[in-house]
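To start, the structure itself, in structure tokens.
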Amino acid sequence: MNDQARAASGPAGALGWGLAPWLSVLALALAWEGVARSGMVTPFMLPPLSVVLERIGADAAAGELLRNLGLTLYRALAGFLIAAGAGIVLGVAIARNRVLRWFFDPIISVGFPMPKIAFLPIVILWLGLYDVSKISMIVFDAIFPVVTATVAGTMAVEKELLWSARNLGAGERELLWEIVLPAALPQILTGLQVALPIALIVGIVTEMRMGGAGLGAAMMTASRFADSPGVFAGIVEIALAGYCLVKGMAALRRRLLLWHQEALAPTTA
Amino acid sequence: MKRALVRYSPLLLLALAWEAATRLGFVSTLALPPLSDVLRAWGGLLAGGDLWINGAASLYRAGAGLALSIVVGGALGVAMAWWRPVNVLLGPLVEMFYPMPKSALIPVTALWLGFGDGSKILLIFLGCMLPVTLGAFNGARSSDQALVWSARSMGASRLRTLWDVVVPSALPELLNGIRTALALSFVLLVSSELIAARTGLGYLIGFLGEGGVYDAMFAVVLTVALLGFVADRVYQRLMRRVLQWRE
């Protein structure tokens with residue numbers, strides 16, 4: 001959205017529009033601090049931003065932040081990577097095999113819109129309270145968008161591409177790696193971009209429900225002790241982690257799709 | 001009917017496998033109660049009223065939160081596309097908060113509004129607003145400039161143009177954004193009820209699980225899953241009906 005404005009208004013304007021996003025973030029931070037200090041709300045309801053930042057600093061100095069952040073990211077990313085790997089394999093298999101398609105199609109179309117987080121107590125019953133059950137819950141939730149995107153992407157590969165590759169003597173294995181997967185990559189990446197935030201959301205819910213450290217569990221502990229700076233520190237930390245992961249994934253997409261025509265199209269990101 | 005039966009036969013197979021595996025003792029009935037027991041427990045929950053009371057509480061929360069997010073989020077998105085200063089001001093904030101894992105808000109809304117309906121409605125409103133905003137924004141921004149110009153040159157006021165040209169052309173993307181929000185509302189509802197509530201279907205699942213009444217717990221889990229699925233199907237049908245004029 002800013003690109004056109006930048007082109008239209010020259011270098012001086014470009015600087016102005018470049019700064020604008022930071023101004024509104026700064027305004028929000030100042031508004032938070034101002035409202036919290038004005039006495040309109042109690043510090044329990046909304047602790048001042050400076051207090052929250054101090055708290056984050058103290059957590060970081062004590063090593064708590066790194067430990068909790070590490071655990072949350074480990075669970076979310078482990079679940080995400082398993083869901084990505086298994087989802088792509090399953091998706092390609094479903095797209096290429098009619099029996100598998102017959103079997104999985106109704107399961108996926110019913111399972112995708114279901115709130116799978118409702119199965120959390122069942123997962124706890126089967127797998128206990130530790131990392132295995134947390135990661136399993138994340139995989140269960142994050143795999144659906146990967147599978148559907150992979151199936152759609154693989155099925156949409158142009159027949160002419162496959163025919164000409166076969167004509168040139170490509171084997172099935174080459175066909176998969178050289179033609180099908182690259183051609184389906186944009187859609188697969190879109191599926192992964194949907195799955196990543198889901199992995200984080202579910203990871204945090206599992207930590208809130210089952211404990212076992214991590215950012216979600218730390219927030220829940222703070223909430224139980226009515227320690228509101230701790231709760232808000234958790235929100236800021238989780239928001240930052242989510243922002244970095246999502247932006248990182250978008251950067252990875254740009255890097256992987258440099259050859260694709262979408263890299264030439266104007267983007268808003 | 002017959003086609004649906006063939007299409008969904010794998011689900012029937014799974015149900016049969018579930019019943020058989022538990023009846024034949026392949027898996028412990030403590031870990032997986034037989035499907036028939038689950039259905040019987042479901043009947044009991046229906047007759048006893050537990051499912052109705054908690055279901056009504058849950059649907060009220062999800063409905064109220066979602067309705068708020070659609071109204072506020074939709075208005076915000078259209079405003080961002082229509083008035084540049086609004087976009088300059090709010091665009092970066094939307095971009096900053098959009099990737100935030102919404103479940104992080106559960107303890108805060110509980111801190112502000114307690115364990116009742118208010119905290120769930122606020123959570124669902126806040127969590128579902130941004131997908132709607134983004135859908136409305138993308139839709140309204142891509143509305144055909146020529147249509148806007150011709151409406152203006154034929155004497156339509158700015159507001160009239162907004163309502164008659166921009167909003168309808170934003171509709172497909174807006175409706176897609178609402179579909180994302182609908183799915184998200186169920187996730188946030190169940191999560192928050194599992195974590196901090198004293199009524200609702202999510203609370204009932206957690207309560208039954210902690211009490212070891214697993215057949216009833218499975219019954220409620222399946223009910224919630226079915227509700228989410230049915231809501232999405234009904235919404236999709238509605239969406240097609242609303243967008244019929246485009247064909």
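Each chain in the structure tokens gets a letter, A, B, ..., in the order shown, and its residues are numbered from 1; ligands are numbered from 1 in order too.
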For the interface of chain A with chain B (cut-off 8 Å, counting only C-alpha atoms), please tabulate each contacting residue of chain A alongside its nearest pair of atoms and their separation in Å to one decimal, rows sorted by chain and increasing number, as CSV.
residue,atom,partner,partner_atom,distance
A:Ala20,CA,B:Val88,CA,6.7
A:Pro21,CA,B:Pro92,CA,5.0
A:Trp22,CA,B:Pro92,CA,7.6
A:Ser24,CA,B:Leu89,CA,5.7
A:Val25,CA,B:Leu93,CA,6.5
A:Met45,CA,B:Trp112,CA,6.1
A:Trp102,CA,B:Arg7,CA,7.4
A:Phe103,CA,B:Pro10,CA,5.4
A:Phe104,CA,B:Pro10,CA,7.6
A:Pro106,CA,B:Tyr8,CA,5.6
A:Ile107,CA,B:Leu11,CA,6.6
A:Val110,CA,B:Phe229,CA,6.2
A:Gly111,CA,B:Phe229,CA,7.6
A:Pro113,CA,B:Phe229,CA,5.2
A:Met114,CA,B:Ala225,CA,4.8
A:Pro115,CA,B:Val187,CA,5.2
A:Lys116,CA,B:Ala225,CA,6.9
A:Ile117,CA,B:Val187,CA,6.4
A:Ala118,CA,B:Val221,CA,5.7
A:Phe119,CA,B:Val221,CA,6.2
A:Pro121,CA,B:Gly209,CA,6.4
A:Ile122,CA,B:Phe218,CA,7.7
A:Leu125,CA,B:Ala31,CA,6.9
A:Trp126,CA,B:Ala31,CA,6.4
A:Pro197,CA,B:Pro101,CA,6.4
A:Ile198,CA,B:Pro101,CA,7.8
A:Leu200,CA,B:Pro101,CA,6.2
A:Ile201,CA,B:Pro101,CA,4.8
A:Val202,CA,B:Ser103,CA,7.8
A:Ile204,CA,B:Ser103,CA,6.7
A:Val205,CA,B:Ser103,CA,6.3
A:Met208,CA,B:Ile195,CA,6.9
A:Arg209,CA,B:Ile195,CA,5.7
A:Gly216,CA,B:Ala104,CA,7.1
A:Met219,CA,B:Pro107,CA,7.0
A:Met220,CA,B:Pro107,CA,6.5
A:Ser223,CA,B:Pro107,CA,6.1
A:Ala226,CA,B:Leu111,CA,7.8
A:Ser228,CA,B:Leu111,CA,7.8
A:Val231,CA,B:Val108,CA,6.7
A:Phe232,CA,B:Val108,CA,7.4
A:Gly234,CA,B:Ala104,CA,7.6
A:Ile235,CA,B:Ala104,CA,5.8
A:Ile238,CA,B:Ala104,CA,6.9
A:Ala239,CA,B:Met100,CA,4.6
A:Leu240,CA,B:Met100,CA,7.5
A:Gly242,CA,B:Met100,CA,5.2
A:Tyr243,CA,B:Pro99,CA,5.4
A:Val246,CA,B:Pro99,CA,6.3
Exercise for the section: Find the spatial neighbours of region 141-151 of chain A, counting only C-alpha atoms, within a cut-off of 6 Å - ignore same-chain residues fewer than 6 positions away - and output them as a PyMOL selection string. Expected result: chain A and resi 83+87-88+91+95+112+187-188+191-192+195+198-199
Take the residues that were just selected and, keeping C-alpha atoms, output them as a PDB file, in the first residue's frame.
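Printed below is again-v9.pdb as written:
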ATOM      1  CA  ALA A  83       2.691 -31.053  10.498  1.00  0.00           C
ATOM      2  CA  GLY A  87       1.043 -32.782   5.640  1.00  0.00           C
ATOM      3  CA  ILE A  88       2.999 -32.371   2.411  1.00  0.00           C
ATOM      4  CA  GLY A  91      -1.193 -34.199   0.505  1.00  0.00           C
ATOM      5  CA  ALA A  95      -3.550 -36.059  -4.842  1.00  0.00           C
ATOM      6  CA  PHE A 112     -10.809 -28.819   8.697  1.00  0.00           C
ATOM      7  CA  GLN A 187       0.109 -23.020  -2.671  1.00  0.00           C
ATOM      8  CA  ILE A 188       1.992 -25.286  -0.273  1.00  0.00           C
ATOM      9  CA  GLY A 191      -0.831 -23.566   3.549  1.00  0.00           C
ATOM     10  CA  LEU A 192       2.287 -23.364   5.709  1.00  0.00           C
ATOM     11  CA  ALA A 195      -0.450 -23.403   9.718  1.00  0.00           C
ATOM     12  CA  ILE A 198      -2.233 -21.975  14.280  1.00  0.00           C
ATOM     13  CA  ALA A 199       0.748 -23.853  15.735  1.00  0.00           C
TER      14      ALA A 199
END
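CA of Arg98 (chain A) to CA of Leu189 (chain A) spans 24.1 Å [interatomic distance, one decimal].
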Practice task
Calculate how many Å separate CA of Leu65 (chain A) from CA of Ala213 (chain A), rounding to one decimal.
Solution key: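 Atom-to-atom, CA of Leu65 (chain A) and CA of Ala213 (chain A) are spaced 10.6 Å apart.
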Practice task
Rank nothing, just name the residue among B:Tyr60, B:Phe26, B:Tyr235, B:Trp18 nearest to Thr199 (chain B), using only C-alpha atoms.
Solution key: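 The shortest atom-to-atom distance to Thr199 (chain B) comes from B:Tyr60.
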Handout entry: Within 12 Å of Asp50 (chain B) using only C-alpha atoms, minus same-chain residues under 3 positions, as a ChimeraX atom specification
Key = /B:41-47,53-57,199-201,203-205,207-208,216-217,219-220
Handout entry: Between CA of Ala62 (chain B) and CA of Ala181 (chain B) - distance in Å to one decimal
Key =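 Going from CA of Ala181 (chain B) over to CA of Ala62 (chain B), I get 10.5 Å.
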Residues of region 111-200 of chain B that approach region 74-82 of chain B to 8 Å or less, counting only C-alpha atoms: could you list each one with the shortest pair of atoms and its distance in Å to one decimal, rows by chain and increasing residue number, as JSON lines?
{"residue": "B:Val132", "atom": "CA", "partner": "B:Gly74", "partner_atom": "CA", "distance": 5.8}
{"residue": "B:Thr133", "atom": "CA", "partner": "B:Gly77", "partner_atom": "CA", "distance": 4.3}
{"residue": "B:Leu134", "atom": "CA", "partner": "B:Gly77", "partner_atom": "CA", "distance": 6.1}
{"residue": "B:Gly135", "atom": "CA", "partner": "B:Gly77", "partner_atom": "CA", "distance": 7.3}
{"residue": "B:Ala136", "atom": "CA", "partner": "B:Gly77", "partner_atom": "CA", "distance": 4.7}
{"residue": "B:Phe137", "atom": "CA", "partner": "B:Gly77", "partner_atom": "CA", "distance": 4.2}
{"residue": "B:Asn138", "atom": "CA", "partner": "B:Ala81", "partner_atom": "CA", "distance": 7.7}
{"residue": "B:Ala140", "atom": "CA", "partner": "B:Val78", "partner_atom": "CA", "distance": 5.9}
{"residue": "B:Arg141", "atom": "CA", "partner": "B:Ala81", "partner_atom": "CA", "distance": 5.2}
{"residue": "B:Leu162", "atom": "CA", "partner": "B:Trp82", "partner_atom": "CA", "distance": 7.9}
{"residue": "B:Val167", "atom": "CA", "partner": "B:Val78", "partner_atom": "CA", "distance": 7.4}
{"residue": "B:Leu174", "atom": "CA", "partner": "B:Gly74", "partner_atom": "CA", "distance": 7.3}
Mind dumping the selected residues with N, CA and C atoms as a PDB file, in the first residue's frame?
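Produced file out-v5.pdb, reproduced below:
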ATOM      1  N   VAL B 132     -11.636  -9.969   9.754  1.00  0.00           N
ATOM      2  CA  VAL B 132     -12.734  -9.272   9.081  1.00  0.00           C
ATOM      3  C   VAL B 132     -12.235  -7.940   8.522  1.00  0.00           C
ATOM      4  N   THR B 133     -11.460  -7.215   9.332  1.00  0.00           N
ATOM      5  CA  THR B 133     -10.926  -5.929   8.894  1.00  0.00           C
ATOM      6  C   THR B 133     -10.096  -6.095   7.627  1.00  0.00           C
ATOM      7  N   LEU B 134      -9.219  -7.078   7.645  1.00  0.00           N
ATOM      8  CA  LEU B 134      -8.337  -7.277   6.503  1.00  0.00           C
ATOM      9  C   LEU B 134      -9.126  -7.665   5.260  1.00  0.00           C
ATOM     10  N   GLY B 135     -10.156  -8.521   5.443  1.00  0.00           N
ATOM     11  CA  GLY B 135     -10.997  -8.903   4.312  1.00  0.00           C
ATOM     12  C   GLY B 135     -11.715  -7.694   3.727  1.00  0.00           C
ATOM     13  N   ALA B 136     -12.315  -6.880   4.601  1.00  0.00           N
ATOM     14  CA  ALA B 136     -13.035  -5.697   4.135  1.00  0.00           C
ATOM     15  C   ALA B 136     -12.080  -4.721   3.461  1.00  0.00           C
ATOM     16  N   PHE B 137     -10.893  -4.561   4.031  1.00  0.00           N
ATOM     17  CA  PHE B 137      -9.905  -3.635   3.480  1.00  0.00           C
ATOM     18  C   PHE B 137      -9.467  -4.075   2.089  1.00  0.00           C
ATOM     19  N   ASN B 138      -9.068  -5.329   1.964  1.00  0.00           N
ATOM     20  CA  ASN B 138      -8.615  -5.826   0.660  1.00  0.00           C
ATOM     21  C   ASN B 138      -9.727  -5.762  -0.371  1.00  0.00           C
ATOM     22  N   ALA B 140     -12.474  -3.746  -0.366  1.00  0.00           N
ATOM     23  CA  ALA B 140     -12.863  -2.374  -0.695  1.00  0.00           C
ATOM     24  C   ALA B 140     -11.780  -1.681  -1.516  1.00  0.00           C
ATOM     25  N   ARG B 141     -10.522  -2.026  -1.237  1.00  0.00           N
ATOM     26  CA  ARG B 141      -9.426  -1.382  -1.950  1.00  0.00           C
ATOM     27  C   ARG B 141      -9.406  -1.798  -3.413  1.00  0.00           C
ATOM     28  N   LEU B 162     -19.885   5.011  -1.402  1.00  0.00           N
ATOM     29  CA  LEU B 162     -19.300   4.046  -0.471  1.00  0.00           C
ATOM     30  C   LEU B 162     -20.260   2.891  -0.254  1.00  0.00           C
ATOM     31  N   VAL B 167     -18.929  -1.026  -0.916  1.00  0.00           N
ATOM     32  CA  VAL B 167     -19.277  -2.123  -0.012  1.00  0.00           C
ATOM     33  C   VAL B 167     -19.673  -3.391  -0.772  1.00  0.00           C
ATOM     34  N   LEU B 174     -14.774  -9.685   2.013  1.00  0.00           N
ATOM     35  CA  LEU B 174     -15.273  -9.485   3.374  1.00  0.00           C
ATOM     36  C   LEU B 174     -15.870 -10.788   3.894  1.00  0.00           C
TER      37      LEU B 174
END
